[in-house]
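Here's the structure we're looking at; comments come further down.
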Amino acid sequence: MICQNCNKNIVRPLELYNGDWACPSCKATVGIQSIAVKVNKDNDDTFKLSELCYLRALKCRNDPSKYQKEINRAIEYCRSAARMGNPKALIRLGYFYERGYITADATESARIAYEYYKLVWSNTPEMEERPADRDYADSGKKLRSAAAKLYLELLKKLPASFKRVGEFDYKRERVKILELGLTVPDDDGADRAVGDDRISRIVGVLQSCYNEDRPPLFGIMRLEKGEYSELKAVIGGKSGKESKLLEFAKKLLIVMFDADIGDFRTIKTKDDSEELDDDRAYFLYFFNAGGRHTLPTSKCRKISDTLRKSGTLGEYTDVKRIIGAMSRSVIQADMIFSVDDVLRYKSRLEPFWHATDDLINSIENPK
């Protein structure tokens, strides 16, 4: 992929919390829609490697270590083929985001999958070298229809809050797809909205901090009234009897912020977890200093110290600024960040605390 700003070839773009990509050289945003959809031997072979790893993962689901290793390889090969424009890889990458294989907050996972599916159904792929594959016949119409089907199914499943945003209008998008001559199922239950399992979602994000590939660095997730007690009741650990929340707290910094009054408590022990009122809404903040990041631990701790600093809002001023932005959002319930999000604002002469502050400013004042 060539950066349109600095003209350099991007081997691995920075993947940002909101689904955008950025050039690691000039830091300019690289939109998903700028990818040229095309098929050649190189990107087709890379996608086939991804699918092979994915099938291996499915066969060893009872072995968590082997499963995660193969899933990580599948995702990396898929990312590579998608960056080269392979339509099958773009669809699969959207699927990986939609189904939670790649860690991102629920809102952005849906939006990213939406963009990948749309890129495929709305563009006729350029056939540089067409493999002997019937999916690519008739200008890839069958493949584009498959992407359109996933796209419409995604729109059906979005929570009701998304319907306030015009771009997620199911019926309007379906008309656009039919006008392109693509085949999609009959319209059935288009107004149905399905919520996700919120507690499983939160546990899944915290569990992903142990991933070897692209673990989250920090994040904030909202819990409505009653959900904290549900989260606290999830059991896990080696003994199978310990609260998963306390298990995570042994390796992660976990701080609960009261959604109404802003008070907070760091969770380290059972007594800490019992001190919170189950009938209040909270924002769960976590920082994953010990994850396998592309930055050394010392740099990650500098970012953590910046987020924890005191300011006009007291301790954890920057975390509270993010919480304030989330509270003003119509549909934002989670914000999950990786090292890439900070590197997006890091220059050679700029310290990490300044880059972190720039990230927070961009969240408070989106363009």
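For the structure tokens, the naming scheme is as follows: chains receive sequential letters (A, B, ...) according to their order of presentation, residues are indexed from 1 within each chain, and ligands are indexed from 1 in presentation order.
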Extract, using only C-alpha atoms, all DNA, RNA and protein residues at most 12 Å from Val175 in chain A, discarding same-chain residues fewer than 3 positions from it, and format them as a PyMOL selection string.
chain A and resi 148+152+169-172+178-184+186-187
List the neighbours of Gly204 in chain A out to 10 Å using only C-alpha atoms; skip same-chain residues closer than 6 positions along the sequence, and give me the result as an MDAnalysis selection string. chainID A and resid 100:101 103 198
Deliver the residues from the most recent selection as a file, using C-alpha atoms, as a JSON list (two decimals), in the first residue's frame.
```json
[["chain", "number", "residue", "atom", "x", "y", "z"],
["A", 100, "GLY", "CA", -14.18, -10.58, 18.03],
["A", 101, "TYR", "CA", -11.04, -12.37, 16.83],
["A", 103, "THR", "CA", -9.47, -6.82, 19.83],
["A", 198, "ARG", "CA", -21.99, -7.38, 27.42]]
```
I need the residues in range 111-180 of chain A that are helix (DSSP H, G or I) according to DSSP; give them as a ChimeraX atom specification.
/A:111-121,134-157,160-164,166-168,170-179
Nearby residues (only C-alpha atoms) at most 12 Å from Glu129 in chain A, same-chain spacing under 2 positions excluded, as a CSV table (one decimal) with C-alpha atoms, in the first residue's frame:
```
chain,number,residue,atom,x,y,z
A,38,LYS,CA,-7.5,-6.4,-6.9
A,39,VAL,CA,-6.5,-10.0,-7.4
A,40,ASN,CA,-3.1,-11.3,-8.2
A,41,LYS,CA,-1.1,-14.4,-7.4
A,42,ASP,CA,0.8,-12.8,-4.5
A,43,ASN,CA,-2.2,-11.7,-2.6
A,44,ASP,CA,-4.2,-14.8,-3.4
A,45,ASP,CA,-1.4,-17.1,-2.1
A,86,ASN,CA,-7.4,-9.2,-2.1
A,125,PRO,CA,-12.0,-6.1,-8.4
A,126,GLU,CA,-9.2,-5.6,-10.9
A,127,MET,CA,-7.9,-9.0,-12.1
A,131,PRO,CA,-6.6,-17.7,-10.1
A,132,ALA,CA,-8.6,-20.7,-11.2
A,133,ASP,CA,-11.3,-19.9,-8.8
A,136,TYR,CA,-13.6,-14.5,-9.3
```
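DSSP annotation of range 31-217 of chain A from backbone atoms: strand (DSSP E or B) residues are Lys38, Val39, Glu126 and Met127 of chain A.
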| All residues 12 Å or closer to Lys27 in chain A, only C-alpha atoms, same chain fewer than 6 positions away omitted, as number ranges by chain | A: 3-6, 8, 10, 13-16, 20-21, 340-347
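Nearest to Ala147 in chain A of all the residues A:Gly262, A:Pro87, A:Pro351, A:Gly311 is A:Pro87, counting only C-alpha atoms.
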*asked:* Which residues are near Lys309 in chain A? Cut-off 12 Å, only C-alpha atoms, ignore same chain within fewer than 4 positions. Put them as a ChimeraX atom specification.
replied: /A:302-305,313-321,353,356-357
How would the residues just chosen look if you wrote them out with N, CA and C atoms as a PDB file, in the first residue's frame?
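The result, written out as selection_9.pdb:
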```
ATOM      1  N   LYS A 302       5.633   4.829  30.954  1.00  0.00           N
ATOM      2  CA  LYS A 302       5.587   6.283  30.811  1.00  0.00           C
ATOM      3  C   LYS A 302       4.206   6.728  30.337  1.00  0.00           C
ATOM      4  N   ILE A 303       3.629   5.943  29.446  1.00  0.00           N
ATOM      5  CA  ILE A 303       2.273   6.243  28.978  1.00  0.00           C
ATOM      6  C   ILE A 303       1.280   6.075  30.125  1.00  0.00           C
ATOM      7  N   SER A 304       1.465   5.008  30.905  1.00  0.00           N
ATOM      8  CA  SER A 304       0.591   4.763  32.055  1.00  0.00           C
ATOM      9  C   SER A 304       0.683   5.905  33.066  1.00  0.00           C
ATOM     10  N   ASP A 305       1.907   6.366  33.329  1.00  0.00           N
ATOM     11  CA  ASP A 305       2.097   7.474  34.277  1.00  0.00           C
ATOM     12  C   ASP A 305       1.410   8.748  33.794  1.00  0.00           C
ATOM     13  N   LEU A 313      -8.781  17.827  36.874  1.00  0.00           N
ATOM     14  CA  LEU A 313      -9.819  16.866  37.264  1.00  0.00           C
ATOM     15  C   LEU A 313      -9.341  15.935  38.368  1.00  0.00           C
ATOM     16  N   GLY A 314      -8.170  16.231  38.948  1.00  0.00           N
ATOM     17  CA  GLY A 314      -7.622  15.366  39.984  1.00  0.00           C
ATOM     18  C   GLY A 314      -6.783  14.254  39.375  1.00  0.00           C
ATOM     19  N   GLU A 315      -6.534  13.182  40.146  1.00  0.00           N
ATOM     20  CA  GLU A 315      -5.744  12.060  39.640  1.00  0.00           C
ATOM     21  C   GLU A 315      -6.478  11.373  38.489  1.00  0.00           C
ATOM     22  N   TYR A 316      -5.724  10.839  37.557  1.00  0.00           N
ATOM     23  CA  TYR A 316      -6.256  10.212  36.350  1.00  0.00           C
ATOM     24  C   TYR A 316      -6.995  11.229  35.486  1.00  0.00           C
ATOM     25  N   THR A 317      -6.445  12.410  35.381  1.00  0.00           N
ATOM     26  CA  THR A 317      -7.087  13.470  34.606  1.00  0.00           C
ATOM     27  C   THR A 317      -7.354  13.049  33.164  1.00  0.00           C
ATOM     28  N   ASP A 318      -6.346  12.443  32.493  1.00  0.00           N
ATOM     29  CA  ASP A 318      -6.533  12.083  31.082  1.00  0.00           C
ATOM     30  C   ASP A 318      -7.557  10.964  30.909  1.00  0.00           C
ATOM     31  N   VAL A 319      -7.590  10.028  31.848  1.00  0.00           N
ATOM     32  CA  VAL A 319      -8.607   8.974  31.789  1.00  0.00           C
ATOM     33  C   VAL A 319      -9.998   9.590  31.920  1.00  0.00           C
ATOM     34  N   LYS A 320     -10.129  10.531  32.816  1.00  0.00           N
ATOM     35  CA  LYS A 320     -11.424  11.198  33.015  1.00  0.00           C
ATOM     36  C   LYS A 320     -11.819  12.018  31.788  1.00  0.00           C
ATOM     37  N   ARG A 321     -10.825  12.543  31.071  1.00  0.00           N
ATOM     38  CA  ARG A 321     -11.134  13.271  29.828  1.00  0.00           C
ATOM     39  C   ARG A 321     -11.707  12.325  28.778  1.00  0.00           C
ATOM     40  N   TRP A 353       4.799  11.283  26.845  1.00  0.00           N
ATOM     41  CA  TRP A 353       3.709  11.951  27.557  1.00  0.00           C
ATOM     42  C   TRP A 353       3.002  12.945  26.645  1.00  0.00           C
ATOM     43  N   THR A 356       0.839  11.020  24.128  1.00  0.00           N
ATOM     44  CA  THR A 356      -0.371  10.534  24.805  1.00  0.00           C
ATOM     45  C   THR A 356      -1.383  11.658  24.958  1.00  0.00           C
ATOM     46  N   ASP A 357      -0.890  12.836  25.325  1.00  0.00           N
ATOM     47  CA  ASP A 357      -1.780  13.990  25.474  1.00  0.00           C
ATOM     48  C   ASP A 357      -2.410  14.383  24.140  1.00  0.00           C
TER      49      ASP A 357
END
```
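For the set A:Leu223, A:Ile336, A:Glu274, A:Gln207, the residue with the smallest atom-to-atom gap to Leu252 in chain A is A:Gln207, counting only C-alpha atoms.
Non-sequential neighbours of Ile235 in chain A (distance at most 10 Å, separation of 5 or more positions within a chain, only C-alpha atoms) are Gly240, Lys241, Glu242, Ser243, Lys244, Leu245, Leu246 and Glu247 of chain A.
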